[in-house]
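What follows is a set of notes on a single structure, which appears directly below.
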Amino acid sequence: MSTNACENVSGKGNSRRVKSGKITSELLQKIKASINILEVVGEHVVLRKSGANYVGLCPFHSERTPSFSVSEGKQLYHCYGCKRGGDLVTFVQEILGVSFPEAVEELADRAKMALPPEWKATGSGTEPNAHRSAQRERQSVAYKLNRFAAAFFHQNLTHLRPASEYFGNRGVGPELIRGFYLGAVSEAWDDLSHYLVSKKAPLDMALELGLIRPSVKSPRAGKAVGYFDLFRGRVVFPILNLRGKIAGFGGRALGDETPKYLNSPESLIFHKSKLAFGLFQAQKHIREKDEVILVEGYFDVLALHAAGFQNVVATCGTALTSDHLNLFKRFANQLTVLFDGDKAGVAATERAMEVGLDHGWVIHGAQMPEGMDPDELVLGHSTGGKERMSKILENAQPLLDSRIEDVVQSALSEGANSEKLTQAIKKIGTWLARFQDPIGKEVRLQKLEKRLGLSKKLIQDVMTTQSAHLTRSNPQARATPEIQTRKPQTKMKATDRILLLGVVSGNPYVQILLEAKPNLPPGATLQDLWENSSAKEFIAQLLMRPGLIEKMREVPDRLWNVLEHELGNEIGDGLGLEGGLDGSVRSVITEALLSQNPPVDLEDFKGAVFRGLYQLWARFSQRVKKSIAEAEVKKDADLQMRWMKDYLDVQRKMKEFTSFYDEE
Ligand SMILES: [Zn+2]
């Protein structure tokens, strides 16, 4: 293991680059250099060689013909369909839906490299460095132990007949059992404890994870300490985090044991409110469909998966929280709640809607037939269950609107009962007061005004009082953090794109760009040729480093690494580094670097430069015109003359660029 190597890397000469909790470019390069992007991508995409690159079906969008391209030489990927592109780190970030630090941890893990002590472990607070290293070490032991226990549970299925029969009866076949690594444990008190002791597993960690408990009667019996198991006589569901590591377990009683469902207790790696059962297995499908379907039970997840609805997850025995929403928002823009058709299910649906409102997220609701759960529907009706489920999901409605409609209808159906109406308005007022989306709120208000024949002002007043009420009764309801929305791939204008494609390809494009410099109007710089602000910033950084542009010409293939290395800590922590470059800029860069031919026609590039110059001159001309008018108002004839002369120069200059078009 290379703790020493890390010290060297973060040590001499580079220490000025080490910010608290950040990683040096050098260490990141080392980690990346020891992992082949083909191997990591290959775990998610079936790749085949095509020319210099590998191609496959994009894991980020739904497609039938491959437009996802990976270069082994350059260690980059680019999708010609959805335009996502980047390096190993961005791939891990996007495919696992994790942050930059989490992706680096994942890769460091894989490369078996130690992160520097000042590295801030995911989610950990402000403890000193030594503690953080120790904490990381303990977490790694914890995951290993859970994996070990999961293997034990899984293997039990080969001889625990009642458990495998139970799965069989509920329609959970071998494929699902493997895919979700399901398991079981006998009714004995200490099956797992016994196994862990015999394998010399770290028992203190097993205690901390709640897998086993100390047994009180043992000291008398002469044994040092005895243990008993948390899970007994149950089928066991491993709950994975986004990195596919087992954070904890859920267990369902096989017999009449209570509680029917039991989960691992909260621990250093198991935080119920930040995990969802099935999310690791479902994430690919969630991304493709841009929708998360949330169900109540573990068996619902399995049953829906088996029936082909694979973008399904369940919370781990808790109500939906803000943390869950943040988690889901990383993968999809729509959340559809599919809870049981019983009273508890309806109440849970309404609670979910309210948590969504705090985040300005209108959650959809799919209506189960009364008294039925999704698991029964799909498996129970051997014929037509799947089709019925499809219909139910298709008919999902924004919960806010369907609930408002329910309340309004019941208030109006009571005829002239004013009290009913009052209660209805108060209820709706409470929801709208929580709704953190001003536009969405206004739209509903206007509709309500018409529907109820009441003034908007009245409803707004109700909202204000309900809002005050809410803040008093639940101060946190007001202070929920903004949801990190899934970053859309911003569009870049054609001219910006052509210019960027050329420049990152080195010469002769860079030469043409540099030659345009003397033709810029006063006060303008080369980066002004771009409209996209991220592209502008990126080019500005490039232009500030003549040496870098030099390198780019020599080895355009290695541009990515050069940029990452040289600019890493300066432009928002650089490409692939934290903060990252805007996705659209990144996409153009990967497209250029993966292209097997010149990525842009030289004449097109020249045209784009000229168009850019023309635009800049046109803008300058407007300013001169304004100055002439101002001089006229001031009755300053001399000044006016000077500006007029400038104006003529500008017109001549513009003509130069116009005539270029005429030749085309
Ligand atoms: Zn794609």
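Just so we're on the same page: first chain in the structure tokens is A, next is B, and so on; residues restart at 1 for each chain, and ligands are numbered from 1 in the order they show up.
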
Within 9 Å of ligand 1 (only C-alpha atoms and all ligand atoms), residues as a short mmCIF file (atom, residue, chain, number, x, y, z; two decimals) with N, CA and C atoms, in the first residue's frame:
```
data_model
loop_
_atom_site.label_atom_id
_atom_site.label_comp_id
_atom_site.auth_asym_id
_atom_site.auth_seq_id
_atom_site.Cartn_x
_atom_site.Cartn_y
_atom_site.Cartn_z
N LEU A 57 -23.58 0.51 -26.58
CA LEU A 57 -24.83 1.24 -26.33
C LEU A 57 -24.62 2.14 -25.11
N CYS A 58 -25.00 3.39 -25.26
CA CYS A 58 -24.75 4.38 -24.21
C CYS A 58 -25.50 4.01 -22.92
N PRO A 59 -24.80 4.05 -21.79
CA PRO A 59 -25.47 3.75 -20.52
C PRO A 59 -26.27 4.94 -19.98
N PHE A 60 -26.15 6.09 -20.62
CA PHE A 60 -26.79 7.29 -20.09
C PHE A 60 -28.08 7.66 -20.81
N HIS A 61 -28.28 7.07 -21.98
CA HIS A 61 -29.56 7.32 -22.64
C HIS A 61 -29.96 6.04 -23.38
N SER A 62 -31.23 5.98 -23.71
CA SER A 62 -31.77 4.78 -24.32
C SER A 62 -31.51 4.80 -25.82
N GLU A 63 -30.90 3.75 -26.35
CA GLU A 63 -30.65 3.74 -27.79
C GLU A 63 -30.53 2.31 -28.31
N PRO A 66 -25.27 1.77 -31.36
CA PRO A 66 -24.27 2.33 -30.46
C PRO A 66 -23.78 3.72 -30.88
N SER A 67 -23.84 4.67 -29.97
CA SER A 67 -23.21 5.96 -30.25
C SER A 67 -22.28 6.35 -29.12
N PHE A 68 -22.00 5.38 -28.27
CA PHE A 68 -21.11 5.64 -27.14
C PHE A 68 -19.73 5.12 -27.50
N HIS A 78 -17.06 9.40 -25.07
CA HIS A 78 -17.93 10.43 -25.61
C HIS A 78 -19.15 9.76 -26.23
N CYS A 79 -20.33 10.32 -25.97
CA CYS A 79 -21.53 9.78 -26.59
C CYS A 79 -22.01 10.78 -27.64
N TYR A 80 -22.16 10.29 -28.88
CA TYR A 80 -22.61 11.17 -29.95
C TYR A 80 -24.11 11.40 -29.88
N GLY A 81 -24.80 10.60 -29.06
CA GLY A 81 -26.25 10.76 -28.90
C GLY A 81 -26.58 11.81 -27.86
N CYS A 82 -26.23 11.52 -26.60
CA CYS A 82 -26.63 12.45 -25.53
C CYS A 82 -25.53 13.45 -25.21
N LYS A 83 -24.40 13.34 -25.91
CA LYS A 83 -23.32 14.31 -25.80
C LYS A 83 -22.59 14.29 -24.46
N ARG A 84 -22.79 13.23 -23.70
CA ARG A 84 -22.00 13.16 -22.48
C ARG A 84 -20.60 12.71 -22.83
N GLY A 85 -19.62 13.25 -22.11
CA GLY A 85 -18.26 12.84 -22.37
C GLY A 85 -17.38 13.21 -21.21
#
```

Practice problem: Pick out the closest residue to Pro518 of chain A from this set: A:Arg586, A:Lys391, A:Lys653, A:Arg451. Count only C-alpha atoms. | Solution: A:Lys653

Quiz item: Do you know which residues are at most 12 Å from Pro598 of chain A counting only C-alpha atoms, after dropping those on the same chain fewer than 3 positions away, and could you put them as number ranges by chain?
Solution: A: 498, 501-509, 556, 591-595, 601-605

Could you turn the residues from that selection into a file that holds C-alpha atoms, as an mmCIF file, in the first residue's frame?
```
data_model
loop_
_atom_site.group_PDB
_atom_site.id
_atom_site.type_symbol
_atom_site.label_atom_id
_atom_site.label_comp_id
_atom_site.auth_asym_id
_atom_site.auth_seq_id
_atom_site.Cartn_x
_atom_site.Cartn_y
_atom_site.Cartn_z
ATOM 1 C CA ILE A 498 -16.977 24.635 -34.275
ATOM 2 C CA LEU A 501 -13.701 21.632 -31.691
ATOM 3 C CA GLY A 502 -10.951 23.228 -33.732
ATOM 4 C CA VAL A 503 -8.983 24.824 -30.949
ATOM 5 C CA VAL A 504 -8.720 21.690 -28.826
ATOM 6 C CA SER A 505 -7.507 19.823 -31.897
ATOM 7 C CA GLY A 506 -4.374 21.980 -31.974
ATOM 8 C CA ASN A 507 -2.894 23.149 -35.248
ATOM 9 C CA PRO A 508 -3.668 24.383 -37.817
ATOM 10 C CA TYR A 509 -6.775 25.609 -35.977
ATOM 11 C CA PRO A 556 -3.183 17.042 -29.094
ATOM 12 C CA GLU A 591 -15.747 14.727 -29.184
ATOM 13 C CA ALA A 592 -12.729 16.455 -30.688
ATOM 14 C CA LEU A 593 -10.252 14.185 -28.951
ATOM 15 C CA LEU A 594 -12.053 10.957 -29.858
ATOM 16 C CA SER A 595 -12.589 11.936 -33.442
ATOM 17 C CA ASP A 601 -13.568 21.225 -41.658
ATOM 18 C CA LEU A 602 -10.823 23.853 -41.863
ATOM 19 C CA GLU A 603 -12.969 26.184 -43.984
ATOM 20 C CA ASP A 604 -15.834 25.860 -41.526
ATOM 21 C CA PHE A 605 -13.487 26.808 -38.751
#
```

Quiz item: Could you name the residues that touch Gln446 of chain A at 8 Å or less, counting only C-alpha atoms, but leaving out those on the same chain fewer than 4 positions away, as an NGL selection string?
Solution: :A and (442 or 450 or 456)

Just write the chosen residues, N, CA and C atoms, as a JSON list (two decimals), in the first residue's frame.
```json
[["chain", "number", "residue", "atom", "x", "y", "z"],
["A", 442, "GLU", "N", -48.19, 29.80, -8.64],
["A", 442, "GLU", "CA", -49.06, 30.78, -9.30],
["A", 442, "GLU", "C", -50.05, 30.07, -10.24],
["A", 450, "LYS", "N", -60.50, 30.15, -10.46],
["A", 450, "LYS", "CA", -61.61, 29.86, -11.37],
["A", 450, "LYS", "C", -62.50, 28.75, -10.81],
["A", 456, "LYS", "N", -58.09, 35.11, -5.57],
["A", 456, "LYS", "CA", -56.76, 34.58, -5.34],
["A", 456, "LYS", "C", -56.22, 35.12, -4.01]]
```

Quiz item: Where does DSSP see strand (DSSP E or B) in segment 266-428 of chain A, if you list the residues as a VMD selection string?
Solution: chain A and resid 276 to 277 291 to 295 312 to 315 334 to 338 364 to 365 397 to 398

Quiz item: Within 9 Å of segment 534-540 of chain A, counting only C-alpha atoms, which residues qualify if same-chain residues fewer than 2 places away don't, as a PyMOL selection string?
Solution: chain A and resi 496-497+500+503+525-532+542-545+571+581-582+584-585

Quiz item: So how many Å separate atom CA of Asp461 of chain A and atom CA of Lys420 of chain A, to one decimal?
Solution: 17.9 Å

Practice problem: Mind checking which residues fall within 7 Å of Ala314 of chain A, counting only C-alpha atoms, ignoring those fewer than 5 positions away in the same chain, and posting them as a PyMOL selection string? | Solution: chain A and resi 276-278+294-298+301

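For the atom pair formed by atom CA of Arg388 of chain A and atom CA of Gly179 of chain A, the distance is 25.2 Å, given to one decimal.
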
Self-check item: Residue neighbourhood Glu94 of chain A, 12 Å, only C-alpha atoms, exclusion window fewer than 5 positions, as an MDAnalysis selection string
Solution: chainID A and resid 41 44 59:61 77 84:89 99:100 102:103 242:243 283:284 287 330:331 486:487 576 583

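Of the residues under consideration (A:Ala494, A:Pro369, A:Val141, A:Met654), A:Ala494 shows the shortest atom-to-atom contact distance to Val600 of chain A when counting only C-alpha atoms.
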
Practice problem: If you run DSSP over the backbone, which residues in segment 330-454 of chain A end up alpha helix (DSSP H)? Put them as a PyMOL selection string. | Solution: chain A and resi 343-358+374-380+385-394+399-413+418-434+438-452

Exercise. Mind giving me the straight-line distance from atom CA of Ser273 of chain A to atom CA of Ala352 of chain A in Å, one decimal?
Key: 13.3 Å
